[in-house]
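Colleague: target_0.csv (CSV, C-alpha atoms) pasted underneath:
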```
chain,number,residue,atom,x,y,z
A,1,MET,CA,0.0,0.0,0.0
A,2,THR,CA,1.4,3.4,-1.0
A,3,GLU,CA,1.2,6.4,1.3
A,4,GLN,CA,-0.9,9.2,-0.4
A,5,THR,CA,0.6,12.1,1.5
A,6,PRO,CA,3.7,12.1,3.6
A,7,HIS,CA,3.3,13.2,7.2
A,8,PRO,CA,3.6,15.9,8.2
A,9,MET,CA,1.5,17.8,5.8
A,10,SER,CA,2.9,21.2,4.8
A,11,PRO,CA,0.9,24.3,5.9
A,12,GLN,CA,-0.1,24.7,2.3
A,13,ASP,CA,-1.3,21.1,2.1
A,14,CYS,CA,-3.5,21.8,5.1
A,15,LEU,CA,-5.0,24.9,3.4
A,16,VAL,CA,-5.7,22.9,0.3
A,17,ALA,CA,-7.2,20.1,2.3
A,18,LEU,CA,-9.6,22.5,4.0
A,19,MET,CA,-10.6,24.1,0.8
A,20,VAL,CA,-11.3,20.7,-0.8
A,21,ALA,CA,-13.1,19.5,2.3
A,22,VAL,CA,-15.5,22.5,2.3
A,23,SER,CA,-16.2,21.9,-1.4
A,24,ALA,CA,-16.9,18.2,-0.8
A,25,SER,CA,-18.8,18.8,2.4
A,26,ASP,CA,-22.2,19.0,0.6
A,27,GLU,CA,-21.2,16.0,-1.6
A,28,ASN,CA,-21.3,18.2,-4.7
A,29,ILE,CA,-18.0,19.6,-5.8
A,30,ARG,CA,-18.9,22.4,-8.1
A,31,THR,CA,-16.7,23.9,-10.9
A,32,ALA,CA,-16.8,27.4,-9.3
A,33,GLU,CA,-15.3,25.9,-6.1
A,34,LEU,CA,-12.6,24.1,-8.0
A,35,VAL,CA,-11.7,27.3,-9.9
A,36,LYS,CA,-11.6,29.2,-6.6
A,37,ILE,CA,-9.2,26.5,-5.1
A,38,GLN,CA,-6.9,26.6,-8.2
A,39,SER,CA,-7.0,30.4,-8.2
A,40,ALA,CA,-6.0,30.6,-4.6
A,41,VAL,CA,-3.1,28.2,-5.1
A,42,ASN,CA,-2.0,30.1,-8.2
A,43,MET,CA,-2.3,33.6,-6.8
A,44,LEU,CA,-1.8,33.8,-3.0
A,45,PRO,CA,1.6,34.5,-1.5
A,46,VAL,CA,1.2,31.6,1.0
A,47,PHE,CA,1.3,29.2,-2.0
A,48,ALA,CA,4.3,30.9,-3.7
A,49,ASP,CA,6.6,27.8,-3.4
A,50,TYR,CA,3.9,25.2,-3.4
A,51,ASP,CA,4.0,22.3,-5.9
A,52,ILE,CA,0.6,22.5,-7.7
A,53,ASP,CA,0.8,18.8,-8.5
A,54,ARG,CA,0.2,18.2,-4.7
A,55,VAL,CA,-3.4,19.5,-5.0
A,56,ALA,CA,-4.6,16.3,-6.7
A,57,ARG,CA,-2.8,14.1,-4.1
A,58,ILE,CA,-4.2,16.1,-1.2
A,59,SER,CA,-7.7,16.1,-2.7
A,60,ARG,CA,-7.6,12.3,-3.0
A,61,THR,CA,-6.5,12.1,0.6
A,62,VAL,CA,-9.4,14.3,1.8
A,63,LEU,CA,-12.0,12.4,-0.3
A,64,ASP,CA,-10.6,9.1,1.1
A,65,LEU,CA,-10.9,10.4,4.6
A,66,PHE,CA,-14.5,11.5,4.0
A,67,GLU,CA,-15.3,7.8,3.2
A,68,GLN,CA,-14.1,6.7,6.6
A,69,GLU,CA,-16.3,6.8,9.7
A,70,ASP,CA,-14.0,9.1,11.7
A,71,GLY,CA,-12.5,10.7,8.6
A,72,LEU,CA,-13.5,14.3,9.5
A,73,GLU,CA,-11.9,13.9,12.9
A,74,ALA,CA,-8.8,12.5,11.3
A,75,LEU,CA,-8.7,15.4,8.8
A,76,PHE,CA,-9.0,18.0,11.6
A,77,GLY,CA,-6.4,16.2,13.6
A,78,LEU,CA,-3.9,16.4,10.7
A,79,ILE,CA,-4.7,20.1,10.2
A,80,ARG,CA,-4.4,21.0,13.9
A,81,GLY,CA,-1.1,19.2,14.0
A,82,ASP,CA,0.4,20.6,10.9
A,83,LEU,CA,-1.1,24.0,10.3
A,84,PRO,CA,0.7,26.8,12.2
A,85,GLU,CA,-1.7,28.9,14.3
A,86,ARG,CA,-0.7,32.0,12.4
A,87,LEU,CA,-2.5,30.5,9.4
A,88,PHE,CA,-5.8,29.6,11.2
A,89,GLU,CA,-7.6,32.7,10.1
A,90,THR,CA,-6.2,32.3,6.5
A,91,ALA,CA,-7.5,28.7,6.5
A,92,TYR,CA,-11.0,29.9,7.6
A,93,ALA,CA,-11.0,32.7,5.0
A,94,LEU,CA,-10.1,30.3,2.2
A,95,SER,CA,-12.8,27.9,3.4
A,96,CYS,CA,-15.3,30.7,3.3
A,97,ASP,CA,-14.3,31.8,-0.1
A,98,VAL,CA,-14.6,28.3,-1.5
A,99,ALA,CA,-18.0,27.8,0.2
A,100,ALA,CA,-19.2,31.2,-1.3
A,101,ALA,CA,-17.7,30.6,-4.8
A,102,ASP,CA,-20.8,29.1,-6.3
A,103,GLY,CA,-23.2,31.6,-4.8
A,104,VAL,CA,-25.0,28.9,-2.8
A,105,LEU,CA,-24.3,28.2,0.9
A,106,GLY,CA,-26.3,25.1,1.9
A,107,GLU,CA,-26.8,23.9,5.4
A,108,THR,CA,-24.1,21.3,5.1
A,109,GLU,CA,-21.5,23.8,4.1
A,110,LEU,CA,-22.6,26.2,6.9
A,111,GLU,CA,-22.2,23.4,9.4
A,112,PHE,CA,-18.8,22.5,8.0
A,113,LEU,CA,-17.7,26.1,8.3
A,114,ALA,CA,-18.9,26.1,11.9
A,115,GLU,CA,-16.8,23.0,12.6
A,116,VAL,CA,-13.8,24.7,11.0
A,117,ARG,CA,-14.3,27.7,13.3
A,118,TYR,CA,-14.5,25.5,16.3
A,119,GLU,CA,-11.6,23.2,15.4
A,120,LEU,CA,-9.3,26.2,14.6
A,121,ASN,CA,-10.6,28.2,17.6
A,122,ILE,CA,-11.5,31.2,15.4
A,123,ASP,CA,-12.8,34.1,17.5
A,124,ARG,CA,-16.5,34.7,16.7
A,125,LEU,CA,-16.0,38.4,15.9
A,126,HIS,CA,-13.1,37.6,13.6
A,127,ALA,CA,-15.1,34.8,11.9
A,128,ALA,CA,-18.0,37.2,11.3
A,129,ALA,CA,-15.6,39.7,9.6
A,130,ILE,CA,-14.1,36.9,7.5
A,131,GLU,CA,-17.5,35.6,6.5
A,132,ARG,CA,-18.7,39.2,5.6
A,133,GLY,CA,-15.7,39.7,3.4
A,134,ALA,CA,-16.3,36.4,1.6
A,135,ARG,CA,-19.9,37.3,1.0
A,136,ALA,CA,-18.9,40.8,-0.3
A,137,ARG,CA,-16.4,39.2,-2.7
A,138,HIS,CA,-18.9,36.8,-4.2
A,139,MET,CA,-21.9,39.0,-4.4
A,140,VAL,CA,-23.6,39.1,-7.8
```
In structure tokens, what does this structure look like?
Modeller:
Amino acid sequence: MTEQTPHPMSPQDCLVALMVAVSASDENIRTAELVKIQSAVNMLPVFADYDIDRVARISRTVLDLFEQEDGLEALFGLIRGDLPERLFETAYALSCDVAAADGVLGETELEFLAEVRYELNIDRLHAAAIERGARARHMV
């Protein structure tokens, strides 16, 4: 059996994993969400030295975890262990952007974002500001 992603995950791997997870949380990965993930990886300074080929590998890992009974807990365990605290708000902002990318925020995505807030201990006021920014960026 081959290992899909070496441990530890890089901080960028963690950010990609969360973006993929929020997209997959409603069991409907939309094109707009995938474009948002690719755009973030291509444009944001945090991904400047990131190997874009890792996106597919990390995506497979996330989807494999989602098929397991405790997969979500395992995903958050990896992220808490490998994502520096200084990037927690970045991770939440990227998650919000992906969730808002298609213009539809379903109950499942909202619940997933709430879980991300909880797991990363994002202050409620900071979370509200991040959410408002994502909403403003994706308004049509």
Colleague: Out of A:Ile130, A:Ser25, A:Ala17, A:Pro8, which residue has the shortest atom-to-atom distance to Glu107 of chain A when counting all atoms listed in the file?
Modeller: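 For Glu107 of chain A, the nearest of the given residues is A:Ser25.
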Colleague: Find the residues around Pro84 of chain A up to 8 Å (only C-alpha atoms counted), leave out those fewer than 4 positions away in its own chain, and share them as a PyMOL selection string.
Modeller: chain A and resi 11+80+88
Colleague: Take atom CA of Tyr50 of chain A and atom CA of Gln68 of chain A and report the distance between them in Å, one decimal.
Modeller: 27.7 Å
Colleague: What is the atom CA of Ala101 of chain A-atom CA of Ile122 of chain A distance in Å, reported with one decimal?
Modeller: 21.1 Å
Colleague: Of the residues A:Cys96, A:Leu63, A:His138, A:Leu125, which is the one nearest to Glu27 of chain A, using all atoms listed in the file?
Modeller: A:Leu63
Colleague: Nearest residue to Asn28 of chain A out of A:Val16, A:Val140, A:Val104, A:Ala40, using all atoms listed in the file?
Modeller: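 That would be A:Val104, the residue with the smallest distance to Asn28 of chain A.
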Colleague: Rank nothing, just name the residue among A:Glu109, A:Asp102, A:Asp49, A:Tyr92 nearest to Arg124 of chain A, using all atoms listed in the file.
Modeller: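 Of A:Glu109, A:Asp102, A:Asp49, A:Tyr92, the one nearest Arg124 of chain A is A:Tyr92, counting all atoms listed in the file.
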Colleague: Which polymer residues, whether protein, DNA or RNA, lie within 8 Å of the coordinate (-4.9, 25.9, -0.8) when you count all atoms listed in the file? List them as a list in words, using the chain letters and numbers from the file.
Modeller: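 The requested residues, written out, are Gln12, Asp13, Cys14, Leu15, Val16, Ala17, Leu18, Met19, Ile37, Gln38, Ala40, Val41, Phe47, Val55 and Leu94 of chain A.
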Colleague: Could you check how far atom CA of Gly133 of chain A sits from atom CA of Ile79 of chain A, in Å to one decimal?
Modeller: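 Spanning atom CA of Gly133 of chain A to atom CA of Ile79 of chain A is a straight-line distance of 23.5 Å.
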Colleague: List the residues sitting within 9 Å of (-13.0, 28.1, 4.6) in the file's frame, using all atoms listed in the file, as a ChimeraX atom specification.
Modeller: /A:15,18-19,21-22,89-99,112-113,116-117,131
Colleague: So which one's closest to Glu73 of chain A, A:Asp53, A:Glu115, A:Asp26, A:Asp123? Using only C-alpha atoms, please.
Modeller: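 Closest to Glu73 of chain A of all the choices is A:Glu115.
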Colleague: Calculated over only C-alpha atoms, which of the candidates A:Ala136, A:Leu65, A:Phe76, A:Gly81 has the smallest distance to Tyr118 of chain A?
Modeller: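 Nearest candidate to Tyr118 of chain A out of A:Ala136, A:Leu65, A:Phe76, A:Gly81: A:Phe76.
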